[in-house]
>>> print(open('run.txt').read())   # compact mmCIF, C-alpha atoms
# COMPACT_ATOMS: atom_id res chain seq x y z
CA MET A 1 -19.53 -15.85 -3.07
CA GLU A 2 -17.16 -16.23 -0.15
CA THR A 3 -13.81 -14.54 -0.75
CA THR A 4 -10.83 -16.92 -0.42
CA ILE A 5 -7.72 -15.97 1.55
CA TYR A 6 -4.78 -17.39 -0.41
CA ASN A 7 -1.57 -18.14 1.48
CA LEU A 8 1.85 -17.80 -0.15
CA ASN A 9 1.78 -21.47 -1.21
CA GLN A 10 -1.32 -20.81 -3.31
CA ILE A 11 0.02 -18.21 -5.74
CA THR A 12 -0.68 -20.55 -8.68
CA LYS A 13 -4.36 -20.74 -7.66
CA ALA A 14 -4.54 -16.97 -7.31
CA ALA A 15 -2.93 -16.51 -10.73
CA GLN A 16 -5.40 -18.95 -12.29
CA ALA A 17 -8.28 -16.91 -10.87
CA LEU A 18 -6.82 -13.80 -12.55
CA LYS A 19 -6.48 -15.67 -15.83
CA ASN A 20 -10.13 -16.69 -15.48
CA GLY A 21 -11.15 -13.03 -15.32
CA GLU A 22 -11.67 -12.94 -11.55
CA LEU A 23 -10.51 -10.28 -9.08
CA VAL A 24 -7.70 -11.08 -6.63
CA ALA A 25 -6.32 -8.59 -4.10
CA PHE A 26 -2.55 -8.64 -3.73
CA PRO A 27 0.08 -7.28 -1.32
CA THR A 28 2.63 -4.58 -2.09
CA GLU A 29 5.05 -2.68 0.12
CA THR A 30 2.61 0.28 0.15
CA VAL A 31 -0.99 -0.95 0.43
CA TYR A 32 -2.99 -3.94 -0.84
CA GLY A 33 -4.10 -3.65 -4.47
CA LEU A 34 -7.21 -5.02 -6.18
CA GLY A 35 -5.93 -7.07 -9.08
CA ALA A 36 -7.44 -7.90 -12.45
CA ASP A 37 -5.91 -8.91 -15.78
CA ALA A 38 -5.08 -5.52 -17.35
CA THR A 39 -5.65 -6.97 -20.84
CA ASN A 40 -9.16 -8.27 -20.02
CA GLU A 41 -11.62 -5.37 -20.30
CA ASP A 42 -14.49 -7.28 -18.69
CA ALA A 43 -12.29 -8.16 -15.71
CA VAL A 44 -11.15 -4.55 -15.33
CA LYS A 45 -14.77 -3.36 -15.32
CA LYS A 46 -15.35 -5.61 -12.31
CA VAL A 47 -12.74 -3.58 -10.39
CA TYR A 48 -14.81 -0.41 -10.71
CA GLN A 49 -17.94 -2.31 -9.68
CA ALA A 50 -16.32 -3.92 -6.63
CA LYS A 51 -14.84 -0.65 -5.38
CA GLY A 52 -17.72 1.61 -6.33
CA ARG A 53 -15.07 3.67 -8.12
CA PRO A 54 -15.81 6.32 -10.78
CA SER A 55 -14.82 4.93 -14.18
CA ASP A 56 -12.91 8.07 -15.25
CA ASN A 57 -10.33 7.43 -12.53
CA PRO A 58 -7.34 5.68 -14.23
CA LEU A 59 -5.87 2.47 -12.86
CA ILE A 60 -2.20 1.73 -12.13
CA VAL A 61 -0.81 -1.19 -14.13
CA HIS A 62 1.52 -3.44 -12.12
CA VAL A 63 4.31 -5.22 -13.96
CA ALA A 64 7.06 -7.70 -13.13
CA SER A 65 9.66 -6.44 -15.62
CA VAL A 66 10.60 -3.43 -17.72
CA GLU A 67 9.95 -5.62 -20.77
CA MET A 68 6.26 -5.69 -19.79
CA VAL A 69 6.22 -1.90 -19.90
CA GLU A 70 7.90 -1.88 -23.33
CA LYS A 71 5.04 -3.98 -24.70
CA TYR A 72 2.55 -1.16 -24.06
CA ALA A 73 4.48 2.12 -23.78
CA ARG A 74 4.99 4.17 -26.96
CA GLU A 75 8.50 4.88 -25.69
CA ILE A 76 10.39 4.88 -22.43
CA PRO A 77 12.41 8.11 -22.12
CA GLU A 78 16.00 7.74 -20.95
CA LYS A 79 15.22 9.55 -17.68
CA ALA A 80 12.38 7.13 -17.01
CA ARG A 81 14.76 4.20 -17.55
CA GLN A 82 17.19 5.76 -15.07
CA LEU A 83 14.44 5.97 -12.47
CA MET A 84 13.34 2.41 -13.15
CA LYS A 85 16.89 1.23 -12.61
CA LYS A 86 17.17 3.15 -9.33
CA PHE A 87 13.73 2.69 -7.77
CA TRP A 88 12.19 -0.46 -9.29
CA PRO A 89 11.06 -2.66 -7.71
CA GLY A 90 9.69 -0.02 -5.36
CA SER A 91 7.01 2.54 -4.60
CA LEU A 92 7.43 4.76 -7.67
CA THR A 93 4.71 4.79 -10.33
CA ILE A 94 5.64 6.26 -13.72
CA ILE A 95 3.10 7.63 -16.21
CA LEU A 96 4.01 7.11 -19.86
CA ASN A 97 2.34 7.56 -23.23
CA ILE A 98 1.11 4.23 -24.55
CA LYS A 99 0.78 2.66 -27.98
CA PRO A 100 -2.69 3.44 -29.38
CA GLY A 101 -5.13 0.64 -28.57
CA SER A 102 -2.61 -1.37 -26.56
CA LEU A 103 -4.74 -1.13 -23.40
CA SER A 104 -8.45 -0.56 -22.94
CA LYS A 105 -9.86 2.88 -22.10
CA THR A 106 -11.33 1.14 -19.07
CA VAL A 107 -7.74 0.92 -17.79
CA THR A 108 -6.62 4.37 -18.90
CA GLY A 109 -9.71 6.33 -17.84
CA GLY A 110 -9.98 7.41 -21.48
CA LEU A 111 -6.49 8.92 -21.55
CA SER A 112 -3.58 8.14 -23.91
CA THR A 113 -1.29 7.51 -20.93
CA VAL A 114 -0.91 4.73 -18.38
CA ALA A 115 0.70 4.61 -14.94
CA PHE A 116 3.13 1.69 -14.54
CA ARG A 117 4.48 0.28 -11.29
CA PHE A 118 6.93 -2.53 -10.44
CA PRO A 119 6.01 -3.33 -6.81
CA ASN A 120 8.56 -4.43 -4.23
CA SER A 121 6.66 -7.56 -3.21
CA GLN A 122 8.04 -10.95 -4.18
CA PRO A 123 4.69 -12.78 -3.86
CA THR A 124 3.01 -10.24 -6.15
CA LEU A 125 5.83 -10.36 -8.70
CA GLU A 126 5.42 -14.16 -8.73
CA LEU A 127 1.66 -13.70 -9.13
CA ILE A 128 2.14 -11.43 -12.17
CA LYS A 129 4.68 -13.78 -13.74
CA GLU A 130 2.43 -16.79 -13.12
CA ALA A 131 -0.58 -15.00 -14.63
CA GLY A 132 1.56 -13.92 -17.59
CA VAL A 133 -0.05 -10.50 -17.84
CA PRO A 134 0.24 -7.12 -16.12
CA ILE A 135 -2.46 -6.54 -13.51
CA VAL A 136 -4.34 -3.38 -12.66
CA GLY A 137 -4.19 -2.54 -8.99
CA PRO A 138 -6.05 0.31 -7.34
CA SER A 139 -6.17 0.08 -3.55
CA ALA A 140 -8.31 -2.89 -2.48
CA ASN A 141 -10.93 -0.97 -0.52
CA THR A 142 -14.34 0.56 -1.00
CA SER A 143 -13.73 3.79 -2.93
CA GLY A 144 -13.17 6.77 -0.64
CA LYS A 145 -12.37 4.73 2.46
CA PRO A 146 -8.92 4.37 4.11
CA SER A 147 -6.59 2.22 2.04
CA PRO A 148 -5.99 -1.37 3.23
CA THR A 149 -2.67 -2.31 4.80
CA THR A 150 -3.63 -5.89 5.77
CA ALA A 151 -5.53 -8.72 4.09
CA GLN A 152 -8.13 -8.39 6.86
CA HIS A 153 -8.81 -4.79 5.83
CA VAL A 154 -9.49 -6.00 2.29
CA TYR A 155 -11.75 -8.80 3.53
CA HIS A 156 -13.72 -6.30 5.62
CA ASP A 157 -14.50 -4.13 2.57
CA LEU A 158 -14.70 -6.63 -0.29
CA ASN A 159 -15.74 -10.03 1.07
CA GLY A 160 -18.22 -11.51 -1.36
CA LYS A 161 -17.27 -9.06 -4.12
CA ILE A 162 -13.93 -10.57 -5.20
CA LYS A 163 -12.57 -14.08 -5.74
CA GLY A 164 -9.62 -13.94 -3.35
CA ILE A 165 -6.90 -12.14 -1.39
CA LEU A 166 -3.22 -13.10 -1.46
CA ASP A 167 -2.13 -12.59 2.15
CA ASP A 168 1.44 -11.49 2.93
CA GLY A 169 0.82 -9.78 6.28
CA PRO A 170 0.92 -6.04 6.99
CA THR A 171 2.42 -3.71 4.40
CA LYS A 172 5.65 -1.86 5.21
CA VAL A 173 5.25 1.66 3.78
CA GLY A 174 1.54 2.22 4.40
CA VAL A 175 0.92 5.08 1.93
CA GLU A 176 0.44 4.60 -1.79
CA SER A 177 3.26 4.98 -4.28
CA THR A 178 4.62 8.24 -5.61
CA VAL A 179 3.08 8.95 -9.03
CA LEU A 180 5.42 10.71 -11.46
CA ASP A 181 4.12 11.92 -14.82
CA MET A 182 6.79 11.46 -17.49
CA SER A 183 4.44 11.75 -20.46
CA THR A 184 5.07 15.50 -20.65
CA ASP A 185 8.15 17.59 -21.42
CA HIS A 186 8.89 18.23 -17.74
CA PRO A 187 8.29 15.48 -15.15
CA VAL A 188 5.80 16.28 -12.39
CA ILE A 189 4.76 14.46 -9.21
CA LEU A 190 0.99 14.04 -9.28
CA ARG A 191 0.80 12.13 -5.98
CA PRO A 192 3.53 12.19 -3.30
CA GLY A 193 4.75 8.96 -1.73
CA ALA A 194 7.75 7.34 -0.08
CA VAL A 195 9.99 8.09 -3.08
CA THR A 196 10.40 11.80 -2.53
CA LYS A 197 10.96 14.75 -4.86
CA ALA A 198 14.55 14.95 -3.61
CA ASP A 199 15.07 11.22 -4.29
CA ILE A 200 13.91 11.62 -7.88
CA GLU A 201 15.84 14.84 -8.50
CA SER A 202 19.03 13.15 -7.31
CA VAL A 203 18.73 10.89 -10.37
CA ILE A 204 17.20 13.02 -13.17
CA GLY A 205 17.43 16.64 -12.02
CA SER A 206 14.65 19.18 -11.52
CA ILE A 207 11.00 18.07 -11.44
CA ASP A 208 7.76 19.77 -10.44
CA LEU A 209 5.12 19.12 -7.79
CA ASN A 210 1.52 19.17 -8.99
CA HIS A 211 -0.66 21.94 -7.53
CA HIS A 212 -3.46 21.64 -10.09
CA HIS A 213 -6.98 21.02 -8.79
CA VAL A 214 -8.89 18.65 -11.04
CA GLY A 215 -12.14 20.29 -12.03
CA LYS A 216 -15.60 18.82 -12.47
CA GLY A 217 -15.79 16.80 -15.68
CA GLU A 218 -12.00 16.79 -16.08
CA PRO A 219 -10.45 13.30 -16.09
CA PRO A 220 -7.69 12.91 -13.46
CA LYS A 221 -4.35 11.66 -14.75
CA ALA A 222 -3.57 9.63 -11.64
CA PRO A 223 -5.51 8.01 -8.77
CA GLY A 224 -6.33 10.15 -5.75
CA MET A 225 -6.46 13.51 -7.54
CA LYS A 226 -10.18 14.09 -7.87
CA TYR A 227 -12.36 12.32 -5.38
CA LYS A 228 -12.40 12.35 -1.59
CA HIS A 229 -10.10 9.60 -0.41
CA TYR A 230 -9.02 7.80 2.75
CA ALA A 231 -11.97 9.03 4.85
CA PRO A 232 -13.28 7.06 7.84
CA ASN A 233 -16.87 7.39 9.04
CA ALA A 234 -15.91 9.78 11.87
CA GLN A 235 -14.74 13.32 11.06
CA VAL A 236 -10.96 13.68 11.24
CA TYR A 237 -9.38 16.89 12.56
CA ILE A 238 -5.71 17.66 11.94
CA VAL A 239 -3.79 18.83 15.00
CA ASP A 240 -1.20 21.21 13.58
CA GLU A 241 2.39 21.29 14.78
CA ASP A 242 1.90 24.55 16.69
CA SER A 243 -1.24 23.33 18.48
CA ASP A 244 -1.33 22.67 22.24
CA TRP A 245 -2.28 19.04 22.85
CA ASN A 246 -3.47 19.89 26.37
CA THR A 247 -6.08 22.16 24.77
CA VAL A 248 -7.07 19.27 22.51
CA MET A 249 -7.53 17.02 25.54
CA GLU A 250 -9.60 19.70 27.28
CA TRP A 251 -11.89 19.90 24.25
CA ILE A 252 -12.26 16.11 24.17
CA SER A 253 -13.16 15.98 27.88
CA LYS A 254 -16.11 18.31 27.22
CA GLN A 255 -17.60 16.13 24.48
CA SER A 256 -20.46 13.71 25.12
CA PHE A 257 -18.94 11.14 22.74
CA THR A 258 -15.71 9.18 22.35
CA VAL A 259 -12.90 10.80 20.35
CA GLY A 260 -10.04 8.95 18.68
CA VAL A 261 -6.54 10.32 19.34
CA MET A 262 -3.83 9.48 16.78
CA ALA A 263 -0.40 10.70 17.84
CA ASP A 264 3.18 9.50 18.24
CA GLU A 265 4.58 7.96 21.42
CA ASN A 266 6.23 11.20 22.49
CA ILE A 267 2.92 13.08 22.56
CA LEU A 268 0.93 10.21 24.05
CA HIS A 269 3.40 10.00 26.94
CA GLN A 270 3.15 13.74 27.63
CA ILE A 271 -0.62 14.20 27.68
CA THR A 272 -3.30 13.06 30.10
CA LEU A 273 -6.07 11.34 28.18
CA PRO A 274 -9.65 11.99 29.29
CA LYS A 275 -11.90 8.96 29.84
CA ASN A 276 -13.64 9.47 26.52
CA ALA A 277 -10.38 9.48 24.50
CA ASP A 278 -9.45 6.35 22.53
CA PRO A 279 -5.71 6.52 21.68
CA PHE A 280 -3.86 5.00 18.72
CA SER A 281 -0.07 5.19 18.55
CA LEU A 282 1.50 6.45 15.33
CA GLY A 283 4.85 5.10 16.50
CA LYS A 284 8.06 7.02 17.00
CA ASN A 285 8.61 8.96 13.76
CA ILE A 286 7.23 9.87 10.35
CA VAL A 287 8.17 6.46 8.90
CA ASP A 288 6.08 4.73 11.57
CA ALA A 289 3.27 7.26 11.22
CA SER A 290 3.00 6.77 7.46
CA ALA A 291 2.88 3.00 7.88
CA ARG A 292 0.21 3.22 10.61
CA LEU A 293 -2.06 6.06 9.44
CA PHE A 294 -4.56 3.97 7.47
CA ASP A 295 -4.45 1.18 10.05
CA GLY A 296 -5.52 3.63 12.75
CA LEU A 297 -8.31 5.15 10.68
CA ARG A 298 -9.60 1.68 9.89
CA LYS A 299 -9.45 0.65 13.56
CA TYR A 300 -11.88 3.41 14.42
CA ASP A 301 -14.13 2.48 11.49
CA ASP A 302 -14.19 -1.21 12.44
CA GLU A 303 -14.92 -0.56 16.11
CA ASN A 304 -17.43 2.20 15.28
CA GLN A 305 -17.05 3.73 18.76
CA VAL A 306 -15.80 7.24 17.98
CA GLN A 307 -17.57 10.24 16.47
CA ALA A 308 -14.42 12.31 15.84
CA ILE A 309 -10.69 11.68 15.42
CA VAL A 310 -7.86 14.12 16.16
CA THR A 311 -4.66 13.28 14.31
CA GLN A 312 -1.13 14.61 14.57
CA ALA A 313 0.34 16.63 11.71
CA TYR A 314 3.95 16.29 10.54
CA PRO A 315 6.15 18.71 8.57
CA SER A 316 5.25 18.58 4.87
CA HIS A 317 8.60 17.58 3.45
CA GLY A 318 10.15 14.25 2.53
CA LEU A 319 7.86 11.38 3.53
CA GLY A 320 5.85 13.91 5.55
CA LEU A 321 4.54 15.34 2.28
CA ALA A 322 2.89 12.01 1.43
CA TYR A 323 1.59 11.57 5.00
CA MET A 324 0.03 15.05 5.04
CA ASN A 325 -1.42 14.58 1.55
CA ARG A 326 -3.36 11.50 2.77
CA LEU A 327 -4.24 13.05 6.13
CA ASN A 328 -5.62 16.20 4.50
CA LYS A 329 -7.82 14.11 2.24
CA SER A 330 -8.97 12.00 5.20
CA ALA A 331 -9.92 15.13 7.09
CA GLY A 332 -11.40 16.93 4.12
CA GLY A 333 -9.02 19.77 5.02
CA GLN A 334 -10.50 20.17 8.52
CA HIS A 335 -8.13 21.26 11.31
CA PHE A 336 -8.64 21.24 15.06
CA LYS A 337 -8.08 24.99 15.14
CA ASP A 338 -11.13 25.32 12.86
CA LEU A 339 -13.17 24.42 15.93
CA GLY A 340 -12.07 27.70 17.51
CA PHE A 341 -9.09 26.29 19.46
CA LYS A 342 -5.35 26.58 18.88
>>> encode(input="run.txt", output="structure tokens")
Amino acid sequence: METTIYNLNQITKAAQALKNGELVAFPTETVYGLGADATNEDAVKKVYQAKGRPSDNPLIVHVASVEMVEKYAREIPEKARQLMKKFWPGSLTIILNIKPGSLSKTVTGGLSTVAFRFPNSQPTLELIKEAGVPIVGPSANTSGKPSPTTAQHVYHDLNGKIKGILDDGPTKVGVESTVLDMSTDHPVILRPGAVTKADIESVIGSIDLNHHHVGKGEPPKAPGMKYKHYAPNAQVYIVDEDSDWNTVMEWISKQSFTVGVMADENILHQITLPKNADPFSLGKNIVDASARLFDGLRKYDDENQVQAIVTQAYPSHGLGLAYMNRLNKSAGGQHFKDLGFK
């Protein structure tokens, strides 16, 4: 089947497709999600099939009101309500214990918890309200590949596999939401995002950052914890903050293939690019870089002209923590200095 691109005047058609058990990708402020009726187990199974995603990886449930959460959550702790009031709609996902049997294990990855998110996207909130049900929404890409930040990225990966894509242009944040586990005694961030640890602690006090590595056979509690994510076809190398970009350019000039160079405007203006370097601007700051990271990785995948990509690191605090989390996964932990250079 040919995948339909729905414009913002066709939200009713997109919602009807969801009600019919079809898959519809939708925009959020972070990345595009792959939507299915969260209460329709057969529809949710199609999400795993379309993405090629392991079925023990839980799905985030997108809602258009706190009342939707109350329908499924066993309880909403007071601190969780405080965060909802402060950051919803927005890029904070909250994991809660759910009422037994209220949602399929296909949604929960076999766990007794579910991750809820209230996205800051008016078209998607209208879509959820029109459909009348919460919708699951992992990133709308082939599993393991860079997340989609435009409808065209979704179409590239999933054309013919899903019913439609609700197009609202490029996303603003560019990295997936912060995932906060509030199903335990002490809240813990399982995946960093634009809502930072400091942001959350300013509302509810001390929380933890997850440093647990999910082992083989162990179900992850949130997306992005277990499997390689965000990886383009070409190997990515992280250029650390203390690295000399002139040395990087010298290495590129000696290669027999084209190398992608992802860096901010300040660095791109200072260096001399060899003929076999293909630059991509990350903008002027960490906000720009986070919004553009996946777009750059996908550019190189779509053009299929580079065999390696060197990408600028940022300090791992604030939004930089989310950026470096995604970049490390894209690179598989590989750094330029691992090649024997500094």
>>> closest_residue(input="run.txt", among="A:Ile11, A:Ile271, A:Ile238, A:Val261", to="A:Lys329", atoms="only C-alpha atoms")
A:Ile238
>>> closest_residue(input="run.txt", among="A:Ile252, A:Met324, A:Ile207, A:Ala331", to="A:Asn233", atoms="all atoms listed in the file")
A:Ala331
>>> residues_around(input="run.txt", residues="A:Trp245", least_positions_apart="3", cutoff="9 Å", atoms="only C-alpha atoms", output="ChimeraX atom specification")
/A:239,248-250,267,270-271
>>> atom_distance(input="run.txt", atom1="atom CA of A:Ser253", atom2="atom CA of A:Leu327")
23.7 Å
>>> residues_around(input="run.txt", residues="A:Ser91", least_positions_apart="4", cutoff="8 Å", atoms="only C-alpha atoms", output="VMD selection string")
chain A and resid 29 to 30 87 117 to 120 176 to 178 193 to 195
>>> write_last_selection(input="run.txt", atoms="C-alpha atoms", output="CSV table (one decimal), in the frame of the given file")
chain,number,residue,atom,x,y,z
A,29,GLU,CA,5.0,-2.7,0.1
A,30,THR,CA,2.6,0.3,0.2
A,87,PHE,CA,13.7,2.7,-7.8
A,117,ARG,CA,4.5,0.3,-11.3
A,118,PHE,CA,6.9,-2.5,-10.4
A,119,PRO,CA,6.0,-3.3,-6.8
A,120,ASN,CA,8.6,-4.4,-4.2
A,176,GLU,CA,0.4,4.6,-1.8
A,177,SER,CA,3.3,5.0,-4.3
A,178,THR,CA,4.6,8.2,-5.6
A,193,GLY,CA,4.8,9.0,-1.7
A,194,ALA,CA,7.8,7.3,-0.1
A,195,VAL,CA,10.0,8.1,-3.1
>>> atom_distance(input="run.txt", atom1="atom CA of A:Glu201", atom2="atom CA of A:Gly33")
27.5 Å
>>> residues_around(input="run.txt", residues="stretch 283-299 of chain A", least_positions_apart="5", cutoff="6 Å", atoms="all atoms listed in the file", output="ChimeraX atom specification")
/A:146,173-174,264-265,323
>>> write_last_selection(input="run.txt", atoms="C-alpha atoms", output="mmCIF file, in the coordinates of the input")
data_model
loop_
_atom_site.group_PDB
_atom_site.id
_atom_site.type_symbol
_atom_site.label_atom_id
_atom_site.label_comp_id
_atom_site.auth_asym_id
_atom_site.auth_seq_id
_atom_site.Cartn_x
_atom_site.Cartn_y
_atom_site.Cartn_z
ATOM 1 C CA PRO A 146 -8.920 4.370 4.110
ATOM 2 C CA VAL A 173 5.250 1.660 3.780
ATOM 3 C CA GLY A 174 1.540 2.220 4.400
ATOM 4 C CA ASP A 264 3.180 9.500 18.240
ATOM 5 C CA GLU A 265 4.580 7.960 21.420
ATOM 6 C CA TYR A 323 1.590 11.570 5.000
#
>>> residues_around(input="run.txt", residues="A:Lys254", least_positions_apart="4", cutoff="12 Å", atoms="only C-alpha atoms", output="list in words")
Thr247, Val248, Met249, Glu250, Thr258, Val259, Pro274, Lys275, Asn276 and Ala277 of chain A
>>> atom_distance(input="run.txt", atom1="atom CA of A:Phe116", atom2="atom CA of A:Val63")
7.0 Å
>>> residues_around(input="run.txt", residues="A:Ser139", least_positions_apart="5", cutoff="10 Å", atoms="all atoms listed in the file", output="number ranges by chain")
A: 25-27, 30-35, 51, 59-60, 145-149, 154, 176, 223
>>> closest_residue(input="run.txt", among="A:Leu339, A:Val107, A:Leu83, A:Val114", to="A:Val69", atoms="all atoms listed in the file")
A:Val114
>>> closest_residue(input="run.txt", among="A:Ser183, A:Asn325, A:Asn266, A:Ser121", to="A:Lys221", atoms="all atoms listed in the file")
A:Ser183
